[in-house]
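See below for the structure under consideration.
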Amino acid sequence: MARPSENRNERRDRTEEPSEFVEKLVAINRVAATVKGGRRFSFAALMVVGDQKGRVGYGHGKAREVPEAIRKATEEAKKSLVRVPLRESRTLHHDGYGRWGAGKIQLRAAPPGTGVIAGGPMRAVLETLGVSDVVGKSLGSSNPYNMVRATFEALKVQSSPRQIASKRGKKVGDILTRRNDGASSPEAIEG
């Protein structure tokens, strides 16, 4: 006969459902506070959380133990989720530039099959966002905190043709067809 504690644990495992979010640890930093008896160490964690369908957030947690710092950072990341419009659920609608402090980054939309070409913290943000084809370049500081925030600044300015059309009071078709005719056509440039 099974012990009651085993049955309880089995029930608990069955009720736990998998999280809809993908969590990525970007950086862990050991920080020290000098006190009378020496140094007191604590850990700072930077986490990125996303659903790989266009929502992503980041969080920072600090605690005496690493798992606790990661838990705090994950909770904060889930509270700070932002929605980013994606084209064909695989890339960005247009190029973007983000800056936070000395961290500067550039993001470019890419054709299918390119993959995620980006370094470190930027790659973690883009993968949890659900982008599969994008090119990113870090131009400034390599500090992970500033790079993550700069990436979010670049993603916040992303807008879809639907958003632009609603701002201008036009139809999406008018905005997208304008690329093929109108001012950008060869006849208009020559004439």
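Chains: A, B, ... in order of the structure tokens. Residues: from 1 per chain. Ligands: from 1, in order shown.
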
Next on the checklist: Taking 2 positions as the minimum chain separation for residues in the same chain, which residues sit within 9 Å of Leu92 of chain A when counting only C-alpha atoms? Answer as a ChimeraX atom specification.
Outcome noted: /A:84-90,94-96,107-110,131,133-134,155,158-160

Could you save the residues just selected, with C-alpha atoms, as a PDB file, in the first residue's frame?
ATOM      1  CA  VAL A  84       5.240  43.328 -29.988  1.00  0.00           C
ATOM      2  CA  PRO A  85       3.574  43.005 -33.412  1.00  0.00           C
ATOM      3  CA  LEU A  86       5.307  40.369 -35.551  1.00  0.00           C
ATOM      4  CA  ARG A  87       5.158  39.929 -39.328  1.00  0.00           C
ATOM      5  CA  GLU A  88       4.068  36.415 -40.341  1.00  0.00           C
ATOM      6  CA  SER A  89       4.778  35.396 -36.695  1.00  0.00           C
ATOM      7  CA  ARG A  90       8.483  35.114 -37.524  1.00  0.00           C
ATOM      8  CA  HIS A  94      10.551  47.138 -39.802  1.00  0.00           C
ATOM      9  CA  ASP A  95      14.055  47.963 -38.616  1.00  0.00           C
ATOM     10  CA  GLY A  96      14.508  49.436 -35.162  1.00  0.00           C
ATOM     11  CA  LEU A 107      17.387  45.310 -35.092  1.00  0.00           C
ATOM     12  CA  ARG A 108      16.636  44.452 -38.722  1.00  0.00           C
ATOM     13  CA  ALA A 109      13.865  42.346 -40.218  1.00  0.00           C
ATOM     14  CA  ALA A 110      15.196  39.385 -42.171  1.00  0.00           C
ATOM     15  CA  VAL A 131      11.099  35.880 -33.554  1.00  0.00           C
ATOM     16  CA  ASP A 133      14.336  35.557 -38.474  1.00  0.00           C
ATOM     17  CA  VAL A 134      16.070  38.757 -37.363  1.00  0.00           C
ATOM     18  CA  LEU A 155      10.827  46.660 -29.746  1.00  0.00           C
ATOM     19  CA  GLN A 158       7.603  48.430 -33.639  1.00  0.00           C
ATOM     20  CA  SER A 159       4.234  49.008 -35.285  1.00  0.00           C
ATOM     21  CA  SER A 160       2.186  46.890 -37.651  1.00  0.00           C
TER      22      SER A 160
END

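When DSSP reads the backbone of this structure, the residues of segment 87-140 of chain A it assigns to alpha helix (DSSP H) are Gly120, Pro121, Met122, Arg123, Ala124, Val125, Leu126, Glu127, Thr128 and Leu129 of chain A.
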
Using only N, CA, C and O atoms, please write the residues we just selected to a file, as a tab-separated table (two decimals), in the first residue's frame.
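As a result, out-v4.tsv now contains:
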chain	number	residue	atom	x	y	z
A	120	GLY	N	24.18	37.37	-27.20
A	120	GLY	CA	23.88	37.32	-25.77
A	120	GLY	C	22.52	37.76	-25.31
A	120	GLY	O	21.51	37.12	-25.61
A	121	PRO	N	22.46	38.85	-24.56
A	121	PRO	CA	21.20	39.31	-23.97
A	121	PRO	C	20.13	39.63	-25.03
A	121	PRO	O	18.95	39.36	-24.82
A	122	MET	N	20.55	40.16	-26.16
A	122	MET	CA	19.60	40.49	-27.23
A	122	MET	C	18.97	39.21	-27.79
A	122	MET	O	17.77	39.15	-28.04
A	123	ARG	N	19.77	38.17	-27.94
A	123	ARG	CA	19.29	36.89	-28.45
A	123	ARG	C	18.24	36.30	-27.49
A	123	ARG	O	17.22	35.78	-27.93
A	124	ALA	N	18.49	36.39	-26.19
A	124	ALA	CA	17.54	35.86	-25.20
A	124	ALA	C	16.18	36.55	-25.33
A	124	ALA	O	15.14	35.89	-25.30
A	125	VAL	N	16.18	37.86	-25.50
A	125	VAL	CA	14.93	38.62	-25.64
A	125	VAL	C	14.21	38.20	-26.91
A	125	VAL	O	13.01	37.93	-26.90
A	126	LEU	N	14.93	38.13	-28.03
A	126	LEU	CA	14.31	37.82	-29.32
A	126	LEU	C	13.78	36.39	-29.38
A	126	LEU	O	12.73	36.13	-29.95
A	127	GLU	N	14.50	35.44	-28.77
A	127	GLU	CA	14.05	34.05	-28.78
A	127	GLU	C	12.80	33.86	-27.91
A	127	GLU	O	11.89	33.13	-28.30
A	128	THR	N	12.74	34.52	-26.76
A	128	THR	CA	11.54	34.40	-25.92
A	128	THR	C	10.36	35.16	-26.53
A	128	THR	O	9.22	34.82	-26.26
A	129	LEU	N	10.64	36.16	-27.35
A	129	LEU	CA	9.59	36.90	-28.05
A	129	LEU	C	8.94	36.02	-29.12
A	129	LEU	O	7.76	36.16	-29.41

Checklist entry - Could you write out, as an NGL selection string, all the residues of chain A that DSSP marks as strand (DSSP E)? => result :A and (22-35 or 38-50 or 55-63 or 82-83 or 96-100 or 103-109 or 116-117 or 134-138)

Item to check | Contacts of Val157 of chain A at 9 Å (only C-alpha atoms; same-chain gap of 3+ positions) as JSON, numbers by chain | outcome: {"A": [84, 96, 97, 98, 152, 153, 154]}

Next on the checklist: Give me the residues near Asn143 of chain A as a list of chain:residue names, where near means some atom within 12 Å (using only C-alpha atoms) and where sequence neighbours in that chain fewer than 6 positions away do not count.
Outcome noted: A:Val26, A:Ala27, A:Asn29, A:Leu46, A:Trp100, A:Gly101, A:Ala102, A:Gly103, A:Lys104, A:Ile105, A:Gly119, A:Gly120, A:Pro121, A:Met122, A:Arg149, A:Ala150

Next on the checklist: List the spatial neighbours of segment 61-63 of chain A as a ChimeraX atom specification - criterion: any atom at most 6 Å away, only C-alpha atoms, same-chain residues fewer than 6 positions off excluded.
Outcome noted: /A:42-45,69,72-73

Checklist outcome for this item: Using only C-alpha atoms, the best pick from A:Val135, A:Ala118, A:Val148, A:Ala32 as closest to Gly59 of chain A would be A:Val148

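Residues in contact range of Val82 of chain A, defined as at most 8 Å between only C-alpha atoms, with sequence neighbours fewer than 3 positions away removed, read Arg55, Val56, Gly57 and Lys156 of chain A.
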
Limited to C-alpha atoms, could you put the picked residues into a file as a PDB file, in the first residue's frame?
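The resulting result_38.pdb:
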ATOM      1  CA  ARG A  55       4.806  38.924 -25.690  1.00  0.00           C
ATOM      2  CA  VAL A  56       8.038  39.423 -23.737  1.00  0.00           C
ATOM      3  CA  GLY A  57       9.163  40.982 -20.451  1.00  0.00           C
ATOM      4  CA  LYS A 156       8.456  49.257 -28.226  1.00  0.00           C
TER       5      LYS A 156
END

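From atom CA of Pro144 of chain A back to atom CA of Glu76 of chain A, the distance works out to 16.8 Å.
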
Using only C-alpha atoms, which residues sit within 7 Å of Tyr58 of chain A once same-chain residues fewer than 2 positions away are excluded, as a PDB file with N, CA and C atoms, in the first residue's frame?
ATOM      1  N   MET A  47      16.336  38.165 -15.697  1.00  0.00           N
ATOM      2  CA  MET A  47      15.570  37.141 -16.412  1.00  0.00           C
ATOM      3  C   MET A  47      14.742  37.767 -17.520  1.00  0.00           C
ATOM      4  N   VAL A  48      14.551  36.999 -18.597  1.00  0.00           N
ATOM      5  CA  VAL A  48      13.663  37.391 -19.682  1.00  0.00           C
ATOM      6  C   VAL A  48      12.601  36.303 -19.809  1.00  0.00           C
ATOM      7  N   VAL A  49      11.340  36.716 -19.905  1.00  0.00           N
ATOM      8  CA  VAL A  49      10.218  35.779 -19.982  1.00  0.00           C
ATOM      9  C   VAL A  49       9.368  36.153 -21.190  1.00  0.00           C
ATOM     10  N   ALA A  77       9.441  39.895 -14.264  1.00  0.00           N
ATOM     11  CA  ALA A  77       9.378  39.816 -15.728  1.00  0.00           C
ATOM     12  C   ALA A  77       7.959  39.535 -16.205  1.00  0.00           C
ATOM     13  N   SER A  80       5.898  42.647 -16.240  1.00  0.00           N
ATOM     14  CA  SER A  80       6.276  43.717 -17.173  1.00  0.00           C
ATOM     15  C   SER A  80       6.207  43.276 -18.636  1.00  0.00           C
TER      16      SER A  80
END

Next on the checklist: With distances taken over only C-alpha atoms, which residue among A:Thr177, A:Val22, A:Arg99, A:Pro112 lies nearest Asn146 of chain A?
Outcome noted: A:Arg99
